[in-house]
Amino acid sequence: MSATEASPAEKGVLQIESLMGFAKRNGGLIALIAIILFNIAFTPNFLHPQTFFVNISQVATIAVVAVGMTLVIATGGIDLSVGAVMALAGALAPLIFTSSFAEAYPMLGLAAAFVVPVLVALLCGLFNGSLVSFLNVQPIIATLILFISGRGIAQVLTNGNLQTFSHKGFSYLGTGKILGLPFQGWLVIAIACVIWWLVHRSLFGRYLLAIGGNETAARLAGAPVRRVKIGAYVLCAGLAGIAGLIVVAINSASDAARIGNLMELDAIAAAVVGGALLQGGRAPIFGAILGAVIIQLVKYTLLANGVADEVALVAKAGIIIAAVYLQQGRKE
Amino acid sequence: MLDQSAFDLRRYLTGNAQTTGVFVALIALILFGLLRYENFGSAYNIASFLNYNAMFILISIGMCFVIMTGGIDLSVGSVAAFTSVVAAYLSPYGIEVALPGGILAGAAIGLLNGFFVVAMRIPPFIATLATMLGAKGGALIISGAQTVSIDWTSNFTKLGMEKAFGIFPWAIVIVALVAVILWVVLEHTSLGRTVLAIGGSEDASKLMGLNVNRAKFFVYVLSGGCAGLAGVFLASGFGAGQPLEGIGWELSAIASVVVGGTLLTGGLGSVPATIAGALLLGLVFNILNFENGRGTISLSAYWQMVIRGAFLFIVILLQSRMSGPVASPKEN
Amino acid sequence: MTPLVSMRGISKSFAGVAALKGAGLEIEPGEVHAIIGQNGAGKSTLVKILTGVYRRDAGTVMFDGKDLAAGSPREAQDAGIATIYQELNLVPLRSVTENVVMGYEPRRFGGLIDWPKAHARTREILQRFGVDIDVRQPLGSYSTAIQQLVAIARAVSLDARLVIMDEPTSSLDDREVATLFEVVRALKREGVAVLYISHFLDELFAICDRATVMRDGQTVAVRNIADSTKLGLIADMLGRNADEIASAGMTGLGGESRAPGEALLVANSIGSGRALRDVSLEIRRGEIVGLGGLLGSGRTETARAIFGLDKLDKGEIRFARSAKAPASAADAIKGGIGFLTEDRKAEGIVPDMSVRENLTLALLPRLRKGGGIDRKREREIVARYIKALGIKTASMEQPIKELSGGNQQKVLLARWLANEPELLILDEPTRGVDVGAKLEIQTIIRDYVAEGGAVLLISSEFEELVEGADRITVLQDGRSVAELTNPGITEDALVAAMAHHEERGPA
């Protein structure tokens with residue numbers, strides 16, 4: 001009922017907790033350093049620039065999706081459809097720039113190949129967000145619909161075919177370099193900065209965190225709860241769309257069955273490892289990127305040391321459980 | 001408080017109307033098929049239809065129990081893939097070993113789910129998402145990412161080839177048996193009633209002195225075991241363990257459960273209606289196949305996914321339309 | 001006759017604050033016993049110690065002549081104590097029978113539930129209460145009254161010796177209350193004791209034998225209802241002399257008067273749901289209007305309706321120039337209303353956010369600059385209010401959950417003041433804060449009114465209402481029944497207005 005005052009004893013507990021919280025908050029960073037040290041010691045060629053670039057391009061897609069996922073998780077929700085939305089966007093792009101329209105108007109075609117898939121992704125987010133905030137469907141069920149049908153639609157569009165292409169303009173997204181760094185690395189930094197600004201400097205972000213922290217209080221203080229929740233899903237889906245384009249551009253090929261497969265897991269894991277709370281109320285954007293780097297490095301470490309892909313799956317499952325478990329403890 | 005009860009009534013009636021609705025729809029669809037296609041009622045079509053859908057009926061029933069407690073089990077597809085491989089490896093020892101072996105392997109993963117959810121208090125979808133990954137990885141590891149052929153000389157082949165009493169495929173007989181047992185458990189034991197009470201109100205169940213944790217453990221182990229048995233059928237039906245199968249099965253199961261009138265928030269559900277839901281979903285595809293055969297429409301296999309998602313969407317729409325806004329999980 | 005329940009010298013503290021100081025309670029077998037007291041008197045703490053929800057720090061609890069450890073609700077249940085909670089702890093989706101027998105089902109065939117027997121037993125118990133319903137139907141398809149009876153039936157089927165009813169009539173209509181009373185009498189006939197907790201004094205006179213009165217964590221009186229008057233019980237609860245209250249209105253002392261401004265808000269016979277039936281009130285600029293009434297009289301509901309949170313079933317609200325009631329909180333805020341809610345934790349603070357972010361949460365639309373928040377102005381405003389209101393915080397970036405209750409409340413008050421509202425609704429603004437902070441908060445409110453603001457004040461503390469408000473609208477059962485004007489209001493006059501109005505409920 002009424003809130004109790006914090007007694008001196010409780011304050012002491014709070015201090016100890018914040019100390020432990022400090023260790024836990026920096027657990028991600030500590031883990032990252034440990035992995036890097038391990039790799040320097042045991043993984044051949046780890047410090048080679050090529051390794052660095054390979055990892056950056058892999059991290060980029062996870063990071064972009066994880067940033068969006070962080071926004072949704074901040075509202076206390078979850079988005080399982082990100083992988084499918086990636087597939088949808090990734091299948092659409094080659095369809096557009098290899099169409100006869102694009103051959104007639106190359107520049108327009110290229111622009112459309114970037115814009116249309118992202119727009120479609122945003123629509124997917126609108127669908128998810130509307131189900132969650134207007135029909136009050138649990139986020140996990142609401143996003144389950146597109147989790148499966150989204151990829152189905154992508155496969156229907158491409159008839160399940162692998163689309164290969166060579167298109168210099170489009171591939172720049174995956175293979176271009178600025179100042180020696182892969183383009184998508186810069187893109188991630190740019191996206192992270194924009195979203196960080198949104199979360200910490202805009203009304204939307206303030207409302208987002210307030211809604212995740214205490215929805216009733218936020219509503220009573222005049223927060224537009226529905227709009228903000230929908231906004232989070234729309235942004236998340238849009239970012240997934242961009243990630244889908246990156247994957248296709250890197251591979252110069254688009255296979256609707258494979259793009260973004262199991263990405264929802266990577267993204268959730270990265271967000272949680274980065275410090276997002278499943279109950280909502282926290283949106284550590286750069287934490288999500290740190291999480292993405294850790295997830296990727298774990299994968300890479302296992303792979304480079306001859307551990308099979310399949311074992312990496314199990315390792316990832318372990319990381320998710322451990323990260324969420326530690327968080328549960330932190331909340332109480 | 002008062003509004004709450006009035007609104008629960010509406011939810012209940014919705015559930016009931018839907019339970020009746022699913023049987024009506026099922027009969028209507030069967031009549032439609034019988035009138036339109038001459039082979040629809042053939043022994044072959046019925047047997048192969050039931051045989052194929054036996055697996056989905058199983059996982060749907062397991063899922064139904066989990067959802068009735070207000071949880072979810074996303075791992076069922078991977079678990080079935082995993083146990084199909086286990087059963088294939090055990091097939092040389094005969095059906096006496098392979099059948100229980102597969103079930104136990106599934107139940108063991110279910111036990112892990114239960115442990116995560118009950119003891120570690122990890123949200124069900126995260127816990128089962130992790131075991132989904134883990135089981136998938138496990139299936140790929142023990143199979144070497146290849147299908148594992150069953151031992152054709154052992155009596156394990158009987159499961160897929162021979163018919164009980166010369167009429168029904170064994171899979172159907174076993175599923176019928178499981179369904180009857182679980183129906184009795186749900187309707188006539190205090191364990192079953194506890195499962196329903198938890199979904200209705202976990203707090204009230206605790207205050208009534210019910211053993212909530214035991215019941216929650218039970219549903220996850222049951223769901224794992226059902227998926228395990230489905231995996232055994234998968235191996236016997238295809239003559240091999242299929243480590244790559246099971247993708248999207250969780251969605252089919254959830255859709256069947258929801259179509260059968262079970263509330264996603266828990267507290268309401270029935271075994272026969274869930275079976276009817278699974279059959280209805282399967283029948284839609286059976287009829288689409290017939291239409292494809294007649295050349296009226298030409299839908300690729302990819303449409304399956306899209307239709308499944310659309311189906312789930314419609315059911316969710318109907319459920320929330322009839323029941324009004326469902327309280328968001330955050331508020332609890 | 002040995003008493004069924006005998007609690008003696010019970011003490012209990014929460015985080016160093018004493019909730020009970022040597023309180024006691026004695027209930028005879030087959031007696032209907034009331035426990036009454038103001039908010040915070042310790043009633044619910046005492047009851048929760050009896051039911052095993054809380055552990056006592058000191059004292060003894062005897063039940064049926066035996067020492068009762070009651071370390072858990074289950075243990076108390078097994079001993080024969082059943083509680084019918086305010087929020088019914090039943091499962092509406094399941095059948096009536098299931099709700100009665102759940103966890104104690106009759107069995108047959110080695111483990112299977114004997115449904116025919118379960119239904120029969122449930123039907124039989126309910127029929128004893130004069131209720132004849134289809135026990136196979138889901139509980140949620142019946143009225144709250146029936147649900148309450150089912151909860152009691154569960155208690156009876158578990159052979160309870162004591163049934164505790166916490167505010168059982170708060171959502172029942174008069175006819176349902178009559179049925180409930182019949183059941184209480186039936187329980188009494190069967191020798192089951194009832195501990196009855198209610199804010200409606202009339203009900204006590206209708207069915208209770210004795211009443212234990214609590215005040216400030218202590219048992220101050222045990223009265224035979226037959227020998228008591230309502231006024232006498234209220235006097236006990238408040239720690240005053242009954243004669244003084246009775247002669248209220250004769251004294252001419254009271255709050256100061258201010259020149260009333262123009263009408264700012266007019267509510268005309270508004271109703272919403274069952275808790276808010278027919279309330280009319282007027283608030284003018286530059287005045288504090290108090291809402292008086294016992295718990296459950298519709299005070300918070302009135303506030304919620306004015307703030308646009310609950311839709312009106314009837315009546316109209318005119319605010320400033322608008323002829324319509326606000327449609328949402330955001331709408332109300334834009335129109336110039338602020339609402340400091342009663343439940344600080346659930347409806348006020350965002351615990352993980354900083355003082356700064358909590359303080360400006362309602363102000364954000366006005367801090368918009370470019371696409372973002374004008375952080376410089378935000379900090380200026382926050383700094384200004386921290387200083388003006390004397391909020392004790394390490395910095396404006398400290399998470400609000402680390403502040404004391406009084407300082408949290410000041411931050412929330414600042415959240416609304418920063419919006420410069422024309423009308424501020426304050427629901428229990430000083431609850432759960434220490435004396436120092438309380439005075440400061442009251443000063444802040446007075447300053448705000450002095451500058452032309454208007455306040456609708458809800459408080460369970462009569463002193464705060466009587467001294468603070470220019471006028472008090474008194475509510476009873478969701479209706480406005482009286483209006484008192486300062487100068488001239490005394491606490492006794494207020495209590496008299498709350499208690500004396502027409503008798504309610506079936507006798």
# chains A, B, ... in the order shown; residues from 1 in each chain; ligands from 1
call {"tool": "interface_residues", "arguments": {"of": "chain C", "to": "chain A", "cutoff": "6 Å", "atoms": "only C-alpha atoms", "output": "list of chain:residue names"}}
result
C:Ala329, C:Ala330, C:Lys345, C:Glu347, C:Gly348, C:Val350, C:Ala362, C:Gly372, C:Ile373, C:Ser404, C:Gly405
call {"tool": "interface_residues", "arguments": {"of": "chain C", "to": "chain B", "cutoff": "8 Å", "atoms": "only C-alpha atoms", "output": "list in words"}}
result
Pro73, Arg74, Glu87, Asn89, Leu90, Val91, Pro92, Leu93, Arg94, Glu98, Met102, Gly103, Glu105, Gly111, Leu112, Ile113, Asp114, Trp115, Pro138, Gly140, Ser141, Ser143, Thr144 and Ser171 of chain C
call {"tool": "write_last_selection", "arguments": {"atoms": "C-alpha atoms", "output": "PDB file, in the first residue's frame"}}
result
ATOM      1  CA  PRO C  73      -1.132 -18.739   5.926  1.00  0.00           C
ATOM      2  CA  ARG C  74      -1.372 -22.455   5.311  1.00  0.00           C
ATOM      3  CA  GLU C  87      -9.568  -8.871  -3.315  1.00  0.00           C
ATOM      4  CA  ASN C  89      -8.619 -14.937  -3.736  1.00  0.00           C
ATOM      5  CA  LEU C  90     -10.547 -17.218  -5.996  1.00  0.00           C
ATOM      6  CA  VAL C  91     -10.177 -18.254  -9.601  1.00  0.00           C
ATOM      7  CA  PRO C  92     -13.098 -16.752 -11.553  1.00  0.00           C
ATOM      8  CA  LEU C  93     -12.521 -18.872 -14.658  1.00  0.00           C
ATOM      9  CA  ARG C  94     -13.012 -22.120 -12.767  1.00  0.00           C
ATOM     10  CA  GLU C  98     -13.571 -26.211  -7.951  1.00  0.00           C
ATOM     11  CA  MET C 102      -9.588 -26.923  -4.697  1.00  0.00           C
ATOM     12  CA  GLY C 103      -6.685 -28.578  -2.911  1.00  0.00           C
ATOM     13  CA  GLU C 105     -10.952 -32.599  -3.487  1.00  0.00           C
ATOM     14  CA  GLY C 111      -6.872 -40.714  -6.990  1.00  0.00           C
ATOM     15  CA  LEU C 112      -9.381 -39.353  -9.462  1.00  0.00           C
ATOM     16  CA  ILE C 113     -11.558 -36.476  -8.290  1.00  0.00           C
ATOM     17  CA  ASP C 114     -15.030 -37.534  -7.252  1.00  0.00           C
ATOM     18  CA  TRP C 115     -16.895 -34.800  -9.092  1.00  0.00           C
ATOM     19  CA  PRO C 138     -17.578 -20.758 -13.709  1.00  0.00           C
ATOM     20  CA  GLY C 140     -16.866 -15.499 -12.704  1.00  0.00           C
ATOM     21  CA  SER C 141     -20.354 -15.810 -14.174  1.00  0.00           C
ATOM     22  CA  SER C 143     -22.049 -11.639  -8.990  1.00  0.00           C
ATOM     23  CA  THR C 144     -19.414 -10.504  -6.540  1.00  0.00           C
ATOM     24  CA  SER C 171     -18.681  -3.794  -3.578  1.00  0.00           C
TER      25      SER C 171
END
call {"tool": "atom_distance", "arguments": {"atom1": "CA of Leu264 (chain B)", "atom2": "CA of Ile67 (chain B)"}}
result
6.1 Å
call {"tool": "residues_around", "arguments": {"residues": "Tyr54 (chain C)", "least_positions_apart": "4", "cutoff": "10 Å", "atoms": "only C-alpha atoms", "output": "list of chain:residue names"}}
result
C:Lys12, C:Thr45, C:Leu46, C:Val47, C:Lys48, C:Ile49, C:Leu50, C:Ala70, C:Gly71, C:Ser72, C:Pro73
call {"tool": "write_last_selection", "arguments": {"atoms": "C-alpha atoms", "output": "PDB file, in the first residue's frame"}}
result
ATOM      1  CA  LYS C  12       5.227  -5.478  15.416  1.00  0.00           C
ATOM      2  CA  THR C  45      -1.329  -5.724  10.751  1.00  0.00           C
ATOM      3  CA  LEU C  46      -3.009  -7.378  13.717  1.00  0.00           C
ATOM      4  CA  VAL C  47      -5.192  -9.520  11.466  1.00  0.00           C
ATOM      5  CA  LYS C  48      -2.238 -10.496   9.298  1.00  0.00           C
ATOM      6  CA  ILE C  49      -0.357 -11.677  12.359  1.00  0.00           C
ATOM      7  CA  LEU C  50      -3.340 -13.836  13.241  1.00  0.00           C
ATOM      8  CA  ALA C  70       1.129 -19.469  12.541  1.00  0.00           C
ATOM      9  CA  GLY C  71       4.294 -19.102  10.577  1.00  0.00           C
ATOM     10  CA  SER C  72       2.387 -19.285   7.290  1.00  0.00           C
ATOM     11  CA  PRO C  73      -1.132 -18.739   5.926  1.00  0.00           C
TER      12      PRO C  73
END
call {"tool": "residues_around", "arguments": {"residues": "Leu37 (chain A)", "least_positions_apart": "5", "cutoff": "12 Å", "atoms": "only C-alpha atoms", "output": "list in words"}}
result
Ile30, Ala31, Leu32, Phe42, Thr43, Phe46, Leu47, Leu297 and Thr301 of chain A
call {"tool": "residues_around", "arguments": {"residues": "Arg161 (chain C)", "least_positions_apart": "4", "cutoff": "7 Å", "atoms": "only C-alpha atoms", "output": "list in words"}}
result
Gly80, Ile81, Val192 and Ala193 of chain C
call {"tool": "write_last_selection", "arguments": {"atoms": "N, CA and C atoms", "output": "PDB file, in the first residue's frame"}}
result
ATOM      1  N   GLY C  80      -7.743 -23.741  11.409  1.00  0.00           N
ATOM      2  CA  GLY C  80      -9.168 -23.441  11.395  1.00  0.00           C
ATOM      3  C   GLY C  80      -9.486 -21.963  11.230  1.00  0.00           C
ATOM      4  N   ILE C  81      -8.520 -21.202  10.722  1.00  0.00           N
ATOM      5  CA  ILE C  81      -8.761 -19.775  10.482  1.00  0.00           C
ATOM      6  C   ILE C  81      -8.852 -19.558   8.975  1.00  0.00           C
ATOM      7  N   VAL C 192     -19.538 -20.922  14.398  1.00  0.00           N
ATOM      8  CA  VAL C 192     -18.321 -20.381  13.791  1.00  0.00           C
ATOM      9  C   VAL C 192     -18.216 -18.912  14.168  1.00  0.00           C
ATOM     10  N   ALA C 193     -17.024 -18.508  14.616  1.00  0.00           N
ATOM     11  CA  ALA C 193     -16.825 -17.110  14.952  1.00  0.00           C
ATOM     12  C   ALA C 193     -16.468 -16.327  13.691  1.00  0.00           C
TER      13      ALA C 193
END
call {"tool": "interface_residues", "arguments": {"of": "chain B", "to": "chain A", "cutoff": "7 Å", "atoms": "only C-alpha atoms", "output": "VMD selection string"}}
result
chain B and resid 120 122 127 130 to 131 133 to 134 137 140 to 141 248 302 to 303 305 to 306 309 312 to 313 320 325 to 326 328
call {"tool": "select_by_dssp", "arguments": {"residues": "region 166-338 of chain C", "states": "strand (DSSP E or B)", "output": "tab-separated table (two decimals) with C-alpha atoms, in the first residue's frame"}}
result
chain	number	residue	atom	x	y	z
C	166	ASP	CA	-12.09	-7.94	5.32
C	193	ALA	CA	-16.83	-17.11	14.95
C	194	VAL	CA	-16.55	-14.20	12.53
C	195	LEU	CA	-14.01	-11.41	12.67
C	196	TYR	CA	-15.58	-8.56	10.78
C	197	ILE	CA	-13.56	-5.66	9.44
C	210	ARG	CA	-18.68	-6.79	20.10
C	211	ALA	CA	-16.13	-4.41	18.66
C	212	THR	CA	-12.45	-4.00	19.36
C	213	VAL	CA	-11.38	-0.42	18.72
C	214	MET	CA	-7.79	0.30	17.71
C	215	ARG	CA	-5.86	3.52	17.58
C	218	GLN	CA	-2.99	-0.16	20.39
C	219	THR	CA	-6.26	-1.65	21.48
C	220	VAL	CA	-8.10	1.22	23.11
C	221	ALA	CA	-11.51	-0.24	23.82
C	222	VAL	CA	-13.66	-3.33	23.55
C	223	ARG	CA	-17.35	-2.47	23.32
C	224	ASN	CA	-20.56	-4.40	23.44
C	263	ALA	CA	-15.60	29.19	-10.21
C	264	LEU	CA	-12.84	27.08	-11.75
C	265	LEU	CA	-14.32	23.63	-11.68
C	266	VAL	CA	-17.93	22.60	-11.37
C	267	ALA	CA	-18.91	18.95	-11.08
C	268	ASN	CA	-22.60	18.34	-11.38
C	269	SER	CA	-23.99	15.00	-10.10
C	270	ILE	CA	-21.14	13.00	-11.56
C	271	GLY	CA	-21.18	9.22	-11.36
C	272	SER	CA	-18.82	6.51	-12.57
C	276	LEU	CA	-18.96	7.11	-7.51
C	277	ARG	CA	-22.71	7.59	-7.64
C	278	ASP	CA	-23.70	11.22	-7.36
C	279	VAL	CA	-21.17	13.86	-6.42
C	280	SER	CA	-21.48	17.58	-6.95
C	281	LEU	CA	-18.86	20.10	-5.99
C	282	GLU	CA	-17.44	23.44	-6.95
C	283	ILE	CA	-13.89	24.69	-6.70
C	284	ARG	CA	-13.06	28.38	-7.06
C	288	ILE	CA	-8.74	24.67	-1.06
C	289	VAL	CA	-11.72	22.38	-1.21
C	290	GLY	CA	-11.50	19.32	0.97
C	291	LEU	CA	-13.15	16.01	0.28
C	292	GLY	CA	-14.21	14.43	3.53
C	314	LYS	CA	-23.64	10.49	-15.59
C	315	GLY	CA	-23.35	14.15	-14.74
C	316	GLU	CA	-21.01	16.76	-16.17
C	317	ILE	CA	-17.76	18.45	-15.35
C	318	ARG	CA	-16.97	21.97	-16.41
C	319	PHE	CA	-13.38	23.08	-15.97
C	322	SER	CA	-13.99	23.76	-21.20
C	337	ILE	CA	-4.93	19.99	-13.84
C	338	GLY	CA	-2.42	18.08	-11.76
